[in-house]
$ cat query10.pdb   # PDB, C-alpha atoms and all ligand atoms
ATOM      1  CA  MET A   1     -20.865  11.040  -4.148
ATOM      2  CA  PRO A   2     -20.235   9.132  -0.876
ATOM      3  CA  THR A   3     -21.319  10.835   2.347
ATOM      4  CA  VAL A   4     -20.429   9.832   5.896
ATOM      5  CA  GLY A   5     -22.189  11.809   8.604
ATOM      6  CA  THR A   6     -21.786  15.409   7.548
ATOM      7  CA  VAL A   7     -18.732  14.688   5.397
ATOM      8  CA  THR A   8     -19.021  14.534   1.618
ATOM      9  CA  TYR A   9     -16.106  13.367  -0.478
ATOM     10  CA  GLU A  10     -15.829  14.906  -3.899
ATOM     11  CA  ARG A  11     -13.057  13.903  -6.277
ATOM     12  CA  PRO A  12     -11.266  17.026  -7.535
ATOM     13  CA  ALA A  13     -11.613  17.473 -11.319
ATOM     14  CA  TRP A  14      -7.869  16.971 -11.796
ATOM     15  CA  LEU A  15      -7.859  13.583 -10.037
ATOM     16  CA  LEU A  16      -8.661  11.004 -12.704
ATOM     17  CA  PRO A  17     -10.793   7.946 -11.946
ATOM     18  CA  GLY A  18      -9.042   4.791 -10.803
ATOM     19  CA  PRO A  19     -10.109   1.206 -11.538
ATOM     20  CA  PRO A  20     -13.802   0.826 -10.647
ATOM     21  CA  GLY A  21     -13.166  -2.654  -9.214
ATOM     22  CA  TRP A  22     -10.872  -1.406  -6.466
ATOM     23  CA  VAL A  23     -13.493  -0.826  -3.772
ATOM     24  CA  ASP A  24     -15.023  -4.314  -4.169
ATOM     25  CA  ALA A  25     -11.582  -5.900  -3.918
ATOM     26  CA  ALA A  26     -10.715  -3.708  -0.927
ATOM     27  CA  CYS A  27     -13.907  -4.641   0.943
ATOM     28  CA  ASP A  28     -13.018  -8.309   0.419
ATOM     29  CA  HIS A  29      -9.549  -7.780   1.946
ATOM     30  CA  LEU A  30     -10.050  -5.242   4.716
ATOM     31  CA  ASP A  31      -7.264  -6.693   6.897
ATOM     32  CA  ALA A  32      -4.700  -5.925   4.177
ATOM     33  CA  ILE A  33      -6.204  -2.478   3.561
ATOM     34  CA  VAL A  34      -6.146  -1.490   7.240
ATOM     35  CA  LEU A  35      -2.569  -2.719   7.667
ATOM     36  CA  ASP A  36      -1.486  -0.828   4.551
ATOM     37  CA  HIS A  37      -3.321   2.239   5.829
ATOM     38  CA  ALA A  38      -1.139   2.209   8.961
ATOM     39  CA  HIS A  39       1.974   2.023   6.766
ATOM     40  CA  CYS A  40       0.641   4.883   4.599
ATOM     41  CA  GLU A  41       0.150   7.174   7.624
ATOM     42  CA  LYS A  42       3.674   6.331   8.813
ATOM     43  CA  LYS A  43       5.039   7.076   5.335
ATOM     44  CA  ALA A  44       3.075  10.340   5.147
ATOM     45  CA  ALA A  45       4.743  11.478   8.395
ATOM     46  CA  SER A  46       8.156  10.394   7.133
ATOM     47  CA  THR A  47       7.649  12.184   3.802
ATOM     48  CA  ALA A  48       6.677  15.396   5.617
ATOM     49  CA  LEU A  49       9.778  15.149   7.835
ATOM     50  CA  GLY A  50      11.935  14.708   4.738
ATOM     51  CA  TYR A  51      11.174  18.312   3.682
ATOM     52  CA  LEU A  52      12.785  19.564   6.901
ATOM     53  CA  PHE A  53      16.028  17.875   5.872
ATOM     54  CA  ARG A  54      15.996  18.684   2.158
ATOM     55  CA  TYR A  55      14.579  22.229   2.193
ATOM     56  CA  PRO A  56      15.652  23.853   5.500
ATOM     57  CA  LYS A  57      15.599  27.350   3.951
ATOM     58  CA  GLU A  58      11.988  27.063   2.770
ATOM     59  CA  THR A  59      10.579  28.472   6.007
ATOM     60  CA  ARG A  60       6.902  28.201   5.110
ATOM     61  CA  ILE A  61       7.316  24.614   3.959
ATOM     62  CA  VAL A  62       9.384  23.655   7.030
ATOM     63  CA  HIS A  63       6.693  24.924   9.420
ATOM     64  CA  ALA A  64       3.848  23.365   7.441
ATOM     65  CA  MET A  65       5.606  20.005   7.139
ATOM     66  CA  SER A  66       6.529  19.903  10.812
ATOM     67  CA  ARG A  67       2.830  20.309  11.686
ATOM     68  CA  LEU A  68       1.848  17.808   9.006
ATOM     69  CA  ALA A  69       4.319  15.186  10.274
ATOM     70  CA  ARG A  70       2.836  15.459  13.765
ATOM     71  CA  GLU A  71      -0.687  15.154  12.424
ATOM     72  CA  GLU A  72       0.170  12.118  10.283
ATOM     73  CA  LEU A  73       1.712  10.422  13.325
ATOM     74  CA  VAL A  74      -1.539  10.989  15.202
ATOM     75  CA  HIS A  75      -3.312   9.321  12.259
ATOM     76  CA  PHE A  76      -0.784   6.491  12.425
ATOM     77  CA  GLU A  77      -1.541   5.945  16.112
ATOM     78  CA  ARG A  78      -5.288   6.088  15.366
ATOM     79  CA  VAL A  79      -4.924   3.311  12.785
ATOM     80  CA  LEU A  80      -2.713   1.311  15.178
ATOM     81  CA  GLY A  81      -5.641   1.457  17.621
ATOM     82  CA  VAL A  82      -8.018   0.159  14.945
ATOM     83  CA  LEU A  83      -5.602  -2.640  14.090
ATOM     84  CA  ALA A  84      -5.507  -3.648  17.767
ATOM     85  CA  ASP A  85      -9.334  -3.522  17.991
ATOM     86  CA  ARG A  86      -9.485  -5.838  14.992
ATOM     87  CA  GLY A  87      -7.012  -8.258  16.603
ATOM     88  CA  GLN A  88      -4.423  -7.456  13.936
ATOM     89  CA  ARG A  89      -0.743  -6.783  14.505
ATOM     90  CA  PHE A  90       1.212  -3.971  12.933
ATOM     91  CA  GLU A  91       3.791  -5.815  10.889
ATOM     92  CA  ARG A  92       5.894  -5.466   7.808
ATOM     93  CA  GLN A  93       4.044  -5.466   4.517
ATOM     94  CA  LYS A  94       5.553  -5.552   1.080
ATOM     95  CA  PRO A  95       5.119  -1.958  -0.159
ATOM     96  CA  SER A  96       3.236  -1.362  -3.374
ATOM     97  CA  ALA A  97       5.052   0.178  -6.331
ATOM     98  CA  TYR A  98       2.593   3.113  -6.337
ATOM     99  CA  GLY A  99       4.708   5.622  -4.406
ATOM    100  CA  ALA A 100       7.972   4.704  -6.128
ATOM    101  CA  GLU A 101       6.271   4.943  -9.523
ATOM    102  CA  LEU A 102       4.945   8.408  -8.720
ATOM    103  CA  PHE A 103       8.298   9.665  -7.447
ATOM    104  CA  ARG A 104       9.977   8.302 -10.591
ATOM    105  CA  ALA A 105       8.232  11.055 -12.590
ATOM    106  CA  ILE A 106       9.753  13.869 -10.510
ATOM    107  CA  ARG A 107      11.966  16.255 -12.467
ATOM    108  CA  THR A 108      15.556  16.968 -11.438
ATOM    109  CA  GLY A 109      15.959  20.788 -11.495
ATOM    110  CA  PRO A 110      15.929  22.215  -7.946
ATOM    111  CA  ARG A 111      12.662  24.155  -8.219
ATOM    112  CA  GLU A 112      11.086  21.595 -10.569
ATOM    113  CA  LYS A 113      11.917  18.832  -8.086
ATOM    114  CA  LEU A 114      10.311  20.719  -5.198
ATOM    115  CA  VAL A 115       7.163  21.528  -7.203
ATOM    116  CA  ASP A 116       6.823  17.932  -8.397
ATOM    117  CA  GLU A 117       7.344  16.547  -4.904
ATOM    118  CA  LEU A 118       4.617  18.831  -3.532
ATOM    119  CA  LEU A 119       2.231  17.934  -6.368
ATOM    120  CA  THR A 120       2.920  14.246  -5.867
ATOM    121  CA  GLY A 121       2.062  14.745  -2.208
ATOM    122  CA  ALA A 122      -1.213  16.387  -3.256
ATOM    123  CA  LEU A 123      -2.031  13.475  -5.567
ATOM    124  CA  ILE A 124      -1.367  10.842  -2.893
ATOM    125  CA  GLU A 125      -3.452  12.732  -0.322
ATOM    126  CA  ALA A 126      -6.296  13.243  -2.804
ATOM    127  CA  ARG A 127      -6.318   9.564  -3.761
ATOM    128  CA  SER A 128      -6.314   8.567  -0.073
ATOM    129  CA  CYS A 129      -9.262  10.854   0.518
ATOM    130  CA  GLU A 130     -11.162   9.445  -2.456
ATOM    131  CA  ARG A 131     -10.551   5.892  -1.304
ATOM    132  CA  PHE A 132     -11.580   6.629   2.287
ATOM    133  CA  GLY A 133     -14.809   7.979   0.827
ATOM    134  CA  GLN A 134     -15.334   4.854  -1.277
ATOM    135  CA  LEU A 135     -14.640   2.625   1.711
ATOM    136  CA  ALA A 136     -16.822   4.684   4.053
ATOM    137  CA  SER A 137     -19.762   4.311   1.692
ATOM    138  CA  ARG A 138     -19.366   0.521   1.575
ATOM    139  CA  VAL A 139     -18.045  -0.895   4.854
ATOM    140  CA  THR A 140     -20.566  -1.883   7.504
ATOM    141  CA  ASP A 141     -18.035  -2.058  10.344
ATOM    142  CA  ALA A 142     -18.762   0.934  12.632
ATOM    143  CA  THR A 143     -15.105   1.288  13.719
ATOM    144  CA  LEU A 144     -13.918   1.550  10.129
ATOM    145  CA  ARG A 145     -16.709   3.912   9.117
ATOM    146  CA  ALA A 146     -15.732   6.184  12.007
ATOM    147  CA  LEU A 147     -12.058   5.992  11.016
ATOM    148  CA  TYR A 148     -12.660   6.920   7.377
ATOM    149  CA  GLY A 149     -15.195   9.573   8.287
ATOM    150  CA  GLU A 150     -12.659  11.125  10.657
ATOM    151  CA  LEU A 151      -9.539  10.951   8.481
ATOM    152  CA  GLY A 152     -11.045  11.721   5.058
ATOM    153  CA  PRO A 153     -11.487  15.466   5.734
ATOM    154  CA  SER A 154      -7.914  15.684   7.100
ATOM    155  CA  GLU A 155      -6.481  14.182   3.926
ATOM    156  CA  ALA A 156      -8.588  16.604   1.843
ATOM    157  CA  ARG A 157      -7.053  19.458   3.850
ATOM    158  CA  HIS A 158      -3.569  18.012   3.272
ATOM    159  CA  THR A 159      -4.267  17.945  -0.472
ATOM    160  CA  THR A 160      -5.022  21.674  -0.346
ATOM    161  CA  LEU A 161      -1.906  22.320   1.746
ATOM    162  CA  TYR A 162       0.380  20.590  -0.772
ATOM    163  CA  LEU A 163      -1.248  22.455  -3.672
ATOM    164  CA  ASP A 164      -0.981  25.820  -1.921
ATOM    165  CA  LEU A 165       2.693  25.201  -1.149
ATOM    166  CA  ALA A 166       3.370  24.274  -4.790
ATOM    167  CA  ARG A 167       1.655  27.505  -5.907
ATOM    168  CA  SER A 168       3.815  29.457  -3.439
ATOM    169  CA  VAL A 169       7.070  28.338  -5.085
ATOM    170  CA  GLU A 170       6.036  28.301  -8.752
ATOM    171  CA  ASP A 171       3.795  30.262 -11.103
ATOM    172  CA  PRO A 172       0.250  28.889 -10.492
ATOM    173  CA  ALA A 173      -0.408  28.415 -14.244
ATOM    174  CA  GLN A 174       2.689  26.224 -14.539
ATOM    175  CA  VAL A 175       1.652  24.357 -11.407
ATOM    176  CA  GLU A 176      -1.754  23.565 -12.954
ATOM    177  CA  ASP A 177      -0.075  22.380 -16.129
ATOM    178  CA  ARG A 178       2.317  20.123 -14.273
ATOM    179  CA  LEU A 179      -0.498  18.850 -12.037
ATOM    180  CA  SER A 180      -2.422  17.533 -15.051
ATOM    181  CA  THR A 181       0.668  15.737 -16.343
ATOM    182  CA  LEU A 182       1.415  14.127 -12.979
ATOM    183  CA  ALA A 183      -2.270  13.313 -12.429
ATOM    184  CA  ALA A 184      -2.363  11.389 -15.726
ATOM    185  CA  HIS A 185       0.736   9.471 -14.662
ATOM    186  CA  GLU A 186      -0.786   8.735 -11.231
ATOM    187  CA  ALA A 187      -4.010   7.391 -12.734
ATOM    188  CA  ALA A 188      -2.097   5.221 -15.242
ATOM    189  CA  THR A 189      -0.130   3.741 -12.328
ATOM    190  CA  LEU A 190      -3.380   2.625 -10.686
ATOM    191  CA  PHE A 191      -4.267   0.478 -13.686
ATOM    192  CA  ALA A 192      -1.000  -1.487 -13.618
ATOM    193  CA  PRO A 193      -1.412  -5.037 -12.286
ATOM    194  CA  ALA A 194      -0.487  -4.897  -8.593
ATOM    195  CA  GLU A 195      -1.165  -6.481  -5.252
ATOM    196  CA  LEU A 196      -4.140  -4.894  -3.500
ATOM    197  CA  ARG A 197      -3.284  -1.900  -1.335
ATOM    198  CA  LEU A 198      -4.909   1.393  -0.339
ATOM    199  CA  HIS A 199      -3.422   2.925  -3.501
ATOM    200  CA  ALA A 200      -2.963  -0.132  -5.697
ATOM    201  CA  GLY A 201      -4.660  -3.169  -7.175
ATOM    202  CA  GLY A 202      -8.257  -3.687  -8.152
ATOM    203  CA  GLY A 203      -7.482  -3.105 -11.812
ATOM    204  CA  PRO A 204      -7.073  -5.563 -14.653
ATOM    205  CA  THR A 205      -4.847  -8.526 -13.788
TER     206      THR A 205
HETATM  207 FE    FE B   1      -3.092  10.947   7.319
HETATM  208 FE    FE B   2      -2.395  13.216   4.939
END

$ encode --input "query10.pdb" --output "structure tokens"
Amino acid sequence: MPTVGTVTYERPAWLLPGPPGWVDAACDHLDAIVLDHAHCEKKAASTALGYLFRYPKETRIVHAMSRLAREELVHFERVLGVLADRGQRFERQKPSAYGAELFRAIRTGPREKLVDELLTGALIEARSCERFGQLASRVTDATLRALYGELGPSEARHTTLYLDLARSVEDPAQVEDRLSTLAAHEAATLFAPAELRLHAGGGPT
């Protein structure tokens, strides 16, 4: 179990293992990983904002997502700073199919869609957290270790937030059931051949 400072990352039981080769590949291509990380934080903020547009009557979700969007933008700016320190530019990067593949599994009924979107958010946050932990245990660069050590606990908290929100709109037993289905889909996605990203690649080619 990787530990950075006082932070220990533990993969939740429902999050299935990804390809074991990912962390080696990621450490060999840190420029691509850090750039993708910036895009992921930007996307996390944008996803949180999307709830304000789609679910304006869900007061608890609106407040939580407004706070989350602000926090993810702070993360985005933090990663922009790391990019600058590394002499890298923030630039376009071909997105991985990971997010689109996860959102493809979302059901269409109004409540089902909301529950699945929240659970997908939990899965993405949990996988980010796991991968920050893997990176933190391997990278020697002090700036990156500090970054992952700082952001990992936030993403773990976001995982809990998404799960709690899902349990607030649907029967918790049904949420658990749906979480295992979506978690299996998420893990299968990670094993598809893909360009290396924070949430993709490192599997069989
Ligand atoms: Fe974040
Ligand atoms: Fe997050």

$ closest_atom_pairs --input "query10.pdb" --of "chain A" --to "ligand FE 2 (chain B)" --cutoff "7 Å" --atoms "only C-alpha atoms and all ligand atoms" --output "JSON lines"
{"residue": "A:Ala44", "atom": "CA", "partner": "B:FE2", "partner_atom": "FE", "distance": 6.2}
{"residue": "A:Glu72", "atom": "CA", "partner": "B:FE2", "partner_atom": "FE", "distance": 6.0}
{"residue": "A:Glu125", "atom": "CA", "partner": "B:FE2", "partner_atom": "FE", "distance": 5.4}
{"residue": "A:Ser154", "atom": "CA", "partner": "B:FE2", "partner_atom": "FE", "distance": 6.4}
{"residue": "A:Glu155", "atom": "CA", "partner": "B:FE2", "partner_atom": "FE", "distance": 4.3}
{"residue": "A:His158", "atom": "CA", "partner": "B:FE2", "partner_atom": "FE", "distance": 5.2}

$ closest_residue --input "query10.pdb" --among "A:Leu52, A:Ala156, A:Val115, A:Ala45" --to "Ala69 in chain A" --atoms "all atoms listed in the file"
A:Ala45

$ closest_residue --input "query10.pdb" --among "A:Leu151, A:Ala192, A:Leu102, A:Ala173" --to "Leu123 in chain A" --atoms "all atoms listed in the file"
A:Leu102

$ resolve_selection --input "query10.pdb" --expression "the PyMOL selection byres (((chain A and resi 167) around 12) and not hetatm)" --output "VMD selection string"
chain A and resid 61 111 114 to 116 118 to 119 122 160 to 166 168 to 179

$ residues_around --input "query10.pdb" --residues "Arg145 in chain A" --least-positions-apart "6" --cutoff "9 Å" --atoms "only C-alpha atoms" --output "PyMOL selection string"
chain A and resi 4+132+135-139

$ write_last_selection --input "query10.pdb" --atoms "C-alpha atoms" --output "short mmCIF file (atom, residue, chain, number, x, y, z; two decimals), keeping the file's coordinate frame"
data_model
loop_
_atom_site.label_atom_id
_atom_site.label_comp_id
_atom_site.auth_asym_id
_atom_site.auth_seq_id
_atom_site.Cartn_x
_atom_site.Cartn_y
_atom_site.Cartn_z
CA VAL A 4 -20.43 9.83 5.90
CA PHE A 132 -11.58 6.63 2.29
CA LEU A 135 -14.64 2.62 1.71
CA ALA A 136 -16.82 4.68 4.05
CA SER A 137 -19.76 4.31 1.69
CA ARG A 138 -19.37 0.52 1.58
CA VAL A 139 -18.05 -0.90 4.85
#

$ atom_distance --input "query10.pdb" --atom1 "CA of His29 in chain A" --atom2 "CA of Glu195 in chain A"
11.1 Å

$ atom_distance --input "query10.pdb" --atom1 "CA of Gly152 in chain A" --atom2 "CA of Cys129 in chain A"
5.0 Å

$ residues_near_ligand --input "query10.pdb" --ligand "ligand FE 1 (chain B)" --cutoff "12 Å" --atoms "all atoms listed in the file" --output "JSON, numbers by chain"
{"A": [37, 38, 39, 40, 41, 42, 43, 44, 45, 46, 47, 48, 67, 68, 69, 70, 71, 72, 73, 74, 75, 76, 77, 78, 79, 121, 124, 125, 126, 127, 128, 129, 132, 147, 148, 150, 151, 152, 153, 154, 155, 156, 157, 158, 159]}

$ atom_distance --input "query10.pdb" --atom1 "CA of Trp14 in chain A" --atom2 "CA of His185 in chain A"
11.8 Å

$ resolve_selection --input "query10.pdb" --expression "the PyMOL selection byres (((chain A and resi 197) around 10) and not hetatm)" --output "PyMOL selection string"
chain A and resi 22+25-26+29-30+32-37+40+94-98+194-196+198-202

$ write_last_selection --input "query10.pdb" --atoms "C-alpha atoms" --output "PDB file, keeping the file's coordinate frame"
ATOM      1  CA  TRP A  22     -10.872  -1.406  -6.466  1.00  0.00           C
ATOM      2  CA  ALA A  25     -11.582  -5.900  -3.918  1.00  0.00           C
ATOM      3  CA  ALA A  26     -10.715  -3.708  -0.927  1.00  0.00           C
ATOM      4  CA  HIS A  29      -9.549  -7.780   1.946  1.00  0.00           C
ATOM      5  CA  LEU A  30     -10.050  -5.242   4.716  1.00  0.00           C
ATOM      6  CA  ALA A  32      -4.700  -5.925   4.177  1.00  0.00           C
ATOM      7  CA  ILE A  33      -6.204  -2.478   3.561  1.00  0.00           C
ATOM      8  CA  VAL A  34      -6.146  -1.490   7.240  1.00  0.00           C
ATOM      9  CA  LEU A  35      -2.569  -2.719   7.667  1.00  0.00           C
ATOM     10  CA  ASP A  36      -1.486  -0.828   4.551  1.00  0.00           C
ATOM     11  CA  HIS A  37      -3.321   2.239   5.829  1.00  0.00           C
ATOM     12  CA  CYS A  40       0.641   4.883   4.599  1.00  0.00           C
ATOM     13  CA  LYS A  94       5.553  -5.552   1.080  1.00  0.00           C
ATOM     14  CA  PRO A  95       5.119  -1.958  -0.159  1.00  0.00           C
ATOM     15  CA  SER A  96       3.236  -1.362  -3.374  1.00  0.00           C
ATOM     16  CA  ALA A  97       5.052   0.178  -6.331  1.00  0.00           C
ATOM     17  CA  TYR A  98       2.593   3.113  -6.337  1.00  0.00           C
ATOM     18  CA  ALA A 194      -0.487  -4.897  -8.593  1.00  0.00           C
ATOM     19  CA  GLU A 195      -1.165  -6.481  -5.252  1.00  0.00           C
ATOM     20  CA  LEU A 196      -4.140  -4.894  -3.500  1.00  0.00           C
ATOM     21  CA  LEU A 198      -4.909   1.393  -0.339  1.00  0.00           C
ATOM     22  CA  HIS A 199      -3.422   2.925  -3.501  1.00  0.00           C
ATOM     23  CA  ALA A 200      -2.963  -0.132  -5.697  1.00  0.00           C
ATOM     24  CA  GLY A 201      -4.660  -3.169  -7.175  1.00  0.00           C
ATOM     25  CA  GLY A 202      -8.257  -3.687  -8.152  1.00  0.00           C
TER      26      GLY A 202
END

$ residues_around --input "query10.pdb" --residues "Ala184 in chain A" --least-positions-apart "2" --cutoff "12 Å" --atoms "all atoms listed in the file" --output "PyMOL selection string"
chain A and resi 13-18+102+105+120+123+177-182+186-191

$ axis_aligned_box --input "query10.pdb" --around "range 96-108 of chain A" --padding-each-side "4 Å" --output "lines of an AutoDock Vina configuration file"
center_x = 9.1
center_y = 7.8
center_z = -8.0
size_x = 21.0
size_y = 26.3
size_z = 17.2

$ closest_residue --input "query10.pdb" --among "A:Phe90, A:Gly50, A:Glu130, A:Glu117" --to "Phe103 in chain A" --atoms "only C-alpha atoms"
A:Glu117

$ decode --input "query10.pdb" --residues "range 52-83 of chain A" --atoms "N, CA and C atoms" --output "PDB file, in the first residue's frame"
ATOM      1  N   LEU A  52     -24.957  21.534 -12.438  1.00  0.00           N
ATOM      2  CA  LEU A  52     -25.716  22.763 -12.149  1.00  0.00           C
ATOM      3  C   LEU A  52     -26.687  23.078 -13.286  1.00  0.00           C
ATOM      4  N   PHE A  53     -26.308  22.678 -14.497  1.00  0.00           N
ATOM      5  CA  PHE A  53     -27.164  22.916 -15.657  1.00  0.00           C
ATOM      6  C   PHE A  53     -28.238  21.837 -15.795  1.00  0.00           C
ATOM      7  N   ARG A  54     -27.844  20.593 -15.557  1.00  0.00           N
ATOM      8  CA  ARG A  54     -28.767  19.474 -15.817  1.00  0.00           C
ATOM      9  C   ARG A  54     -29.714  19.181 -14.656  1.00  0.00           C
ATOM     10  N   TYR A  55     -29.279  19.485 -13.426  1.00  0.00           N
ATOM     11  CA  TYR A  55     -30.098  19.120 -12.257  1.00  0.00           C
ATOM     12  C   TYR A  55     -30.295  20.318 -11.321  1.00  0.00           C
ATOM     13  N   PRO A  56     -30.838  21.430 -11.835  1.00  0.00           N
ATOM     14  CA  PRO A  56     -30.935  22.646 -10.997  1.00  0.00           C
ATOM     15  C   PRO A  56     -31.812  22.462  -9.766  1.00  0.00           C
ATOM     16  N   LYS A  57     -32.751  21.491  -9.809  1.00  0.00           N
ATOM     17  CA  LYS A  57     -33.649  21.307  -8.657  1.00  0.00           C
ATOM     18  C   LYS A  57     -33.047  20.420  -7.574  1.00  0.00           C
ATOM     19  N   GLU A  58     -31.950  19.767  -7.874  1.00  0.00           N
ATOM     20  CA  GLU A  58     -31.300  18.891  -6.879  1.00  0.00           C
ATOM     21  C   GLU A  58     -30.389  19.759  -6.005  1.00  0.00           C
ATOM     22  N   THR A  59     -31.007  20.420  -5.014  1.00  0.00           N
ATOM     23  CA  THR A  59     -30.292  21.448  -4.253  1.00  0.00           C
ATOM     24  C   THR A  59     -28.977  20.946  -3.649  1.00  0.00           C
ATOM     25  N   ARG A  60     -29.031  19.771  -3.021  1.00  0.00           N
ATOM     26  CA  ARG A  60     -27.824  19.272  -2.361  1.00  0.00           C
ATOM     27  C   ARG A  60     -26.700  19.046  -3.381  1.00  0.00           C
ATOM     28  N   ILE A  61     -27.093  18.496  -4.528  1.00  0.00           N
ATOM     29  CA  ILE A  61     -26.097  18.223  -5.568  1.00  0.00           C
ATOM     30  C   ILE A  61     -25.553  19.538  -6.139  1.00  0.00           C
ATOM     31  N   VAL A  62     -26.432  20.510  -6.359  1.00  0.00           N
ATOM     32  CA  VAL A  62     -25.999  21.798  -6.923  1.00  0.00           C
ATOM     33  C   VAL A  62     -24.945  22.449  -6.018  1.00  0.00           C
ATOM     34  N   HIS A  63     -25.222  22.473  -4.700  1.00  0.00           N
ATOM     35  CA  HIS A  63     -24.259  23.097  -3.785  1.00  0.00           C
ATOM     36  C   HIS A  63     -22.939  22.321  -3.759  1.00  0.00           C
ATOM     37  N   ALA A  64     -23.058  20.994  -3.690  1.00  0.00           N
ATOM     38  CA  ALA A  64     -21.843  20.169  -3.612  1.00  0.00           C
ATOM     39  C   ALA A  64     -21.010  20.315  -4.892  1.00  0.00           C
ATOM     40  N   MET A  65     -21.685  20.340  -6.036  1.00  0.00           N
ATOM     41  CA  MET A  65     -20.948  20.404  -7.302  1.00  0.00           C
ATOM     42  C   MET A  65     -20.351  21.786  -7.548  1.00  0.00           C
ATOM     43  N   SER A  66     -21.012  22.813  -7.044  1.00  0.00           N
ATOM     44  CA  SER A  66     -20.441  24.157  -7.172  1.00  0.00           C
ATOM     45  C   SER A  66     -19.112  24.211  -6.402  1.00  0.00           C
ATOM     46  N   ARG A  67     -19.123  23.676  -5.178  1.00  0.00           N
ATOM     47  CA  ARG A  67     -17.880  23.647  -4.379  1.00  0.00           C
ATOM     48  C   ARG A  67     -16.823  22.781  -5.059  1.00  0.00           C
ATOM     49  N   LEU A  68     -17.297  21.634  -5.587  1.00  0.00           N
ATOM     50  CA  LEU A  68     -16.346  20.707  -6.224  1.00  0.00           C
ATOM     51  C   LEU A  68     -15.701  21.354  -7.458  1.00  0.00           C
ATOM     52  N   ALA A  69     -16.512  22.048  -8.263  1.00  0.00           N
ATOM     53  CA  ALA A  69     -15.968  22.689  -9.468  1.00  0.00           C
ATOM     54  C   ALA A  69     -14.867  23.675  -9.092  1.00  0.00           C
ATOM     55  N   ARG A  70     -15.104  24.445  -8.020  1.00  0.00           N
ATOM     56  CA  ARG A  70     -14.089  25.414  -7.597  1.00  0.00           C
ATOM     57  C   ARG A  70     -12.817  24.697  -7.159  1.00  0.00           C
ATOM     58  N   GLU A  71     -13.004  23.610  -6.413  1.00  0.00           N
ATOM     59  CA  GLU A  71     -11.836  22.881  -5.921  1.00  0.00           C
ATOM     60  C   GLU A  71     -11.042  22.265  -7.076  1.00  0.00           C
ATOM     61  N   GLU A  72     -11.766  21.713  -8.058  1.00  0.00           N
ATOM     62  CA  GLU A  72     -11.070  21.089  -9.198  1.00  0.00           C
ATOM     63  C   GLU A  72     -10.322  22.149 -10.009  1.00  0.00           C
ATOM     64  N   LEU A  73     -10.860  23.363 -10.072  1.00  0.00           N
ATOM     65  CA  LEU A  73     -10.132  24.420 -10.789  1.00  0.00           C
ATOM     66  C   LEU A  73      -8.863  24.816 -10.044  1.00  0.00           C
ATOM     67  N   VAL A  74      -8.920  24.762  -8.707  1.00  0.00           N
ATOM     68  CA  VAL A  74      -7.692  25.013  -7.941  1.00  0.00           C
ATOM     69  C   VAL A  74      -6.667  23.919  -8.245  1.00  0.00           C
ATOM     70  N   HIS A  75      -7.139  22.672  -8.341  1.00  0.00           N
ATOM     71  CA  HIS A  75      -6.234  21.571  -8.721  1.00  0.00           C
ATOM     72  C   HIS A  75      -5.652  21.819 -10.113  1.00  0.00           C
ATOM     73  N   PHE A  76      -6.527  22.266 -11.018  1.00  0.00           N
ATOM     74  CA  PHE A  76      -6.084  22.540 -12.391  1.00  0.00           C
ATOM     75  C   PHE A  76      -4.944  23.570 -12.370  1.00  0.00           C
ATOM     76  N   GLU A  77      -5.146  24.634 -11.602  1.00  0.00           N
ATOM     77  CA  GLU A  77      -4.113  25.681 -11.548  1.00  0.00           C
ATOM     78  C   GLU A  77      -2.830  25.144 -10.904  1.00  0.00           C
ATOM     79  N   ARG A  78      -2.991  24.258  -9.924  1.00  0.00           N
ATOM     80  CA  ARG A  78      -1.824  23.637  -9.269  1.00  0.00           C
ATOM     81  C   ARG A  78      -1.020  22.834 -10.290  1.00  0.00           C
ATOM     82  N   VAL A  79      -1.724  22.079 -11.135  1.00  0.00           N
ATOM     83  CA  VAL A  79      -1.015  21.265 -12.137  1.00  0.00           C
ATOM     84  C   VAL A  79      -0.424  22.179 -13.220  1.00  0.00           C
ATOM     85  N   LEU A  80      -1.119  23.273 -13.559  1.00  0.00           N
ATOM     86  CA  LEU A  80      -0.533  24.223 -14.511  1.00  0.00           C
ATOM     87  C   LEU A  80       0.809  24.741 -13.985  1.00  0.00           C
ATOM     88  N   GLY A  81       0.873  24.986 -12.670  1.00  0.00           N
ATOM     89  CA  GLY A  81       2.124  25.446 -12.060  1.00  0.00           C
ATOM     90  C   GLY A  81       3.222  24.395 -12.194  1.00  0.00           C
ATOM     91  N   VAL A  82       2.847  23.129 -12.012  1.00  0.00           N
ATOM     92  CA  VAL A  82       3.839  22.048 -12.130  1.00  0.00           C
ATOM     93  C   VAL A  82       4.309  21.930 -13.587  1.00  0.00           C
ATOM     94  N   LEU A  83       3.360  22.062 -14.500  1.00  0.00           N
ATOM     95  CA  LEU A  83       3.745  22.025 -15.924  1.00  0.00           C
ATOM     96  C   LEU A  83       4.775  23.119 -16.205  1.00  0.00           C
TER      97      LEU A  83
END
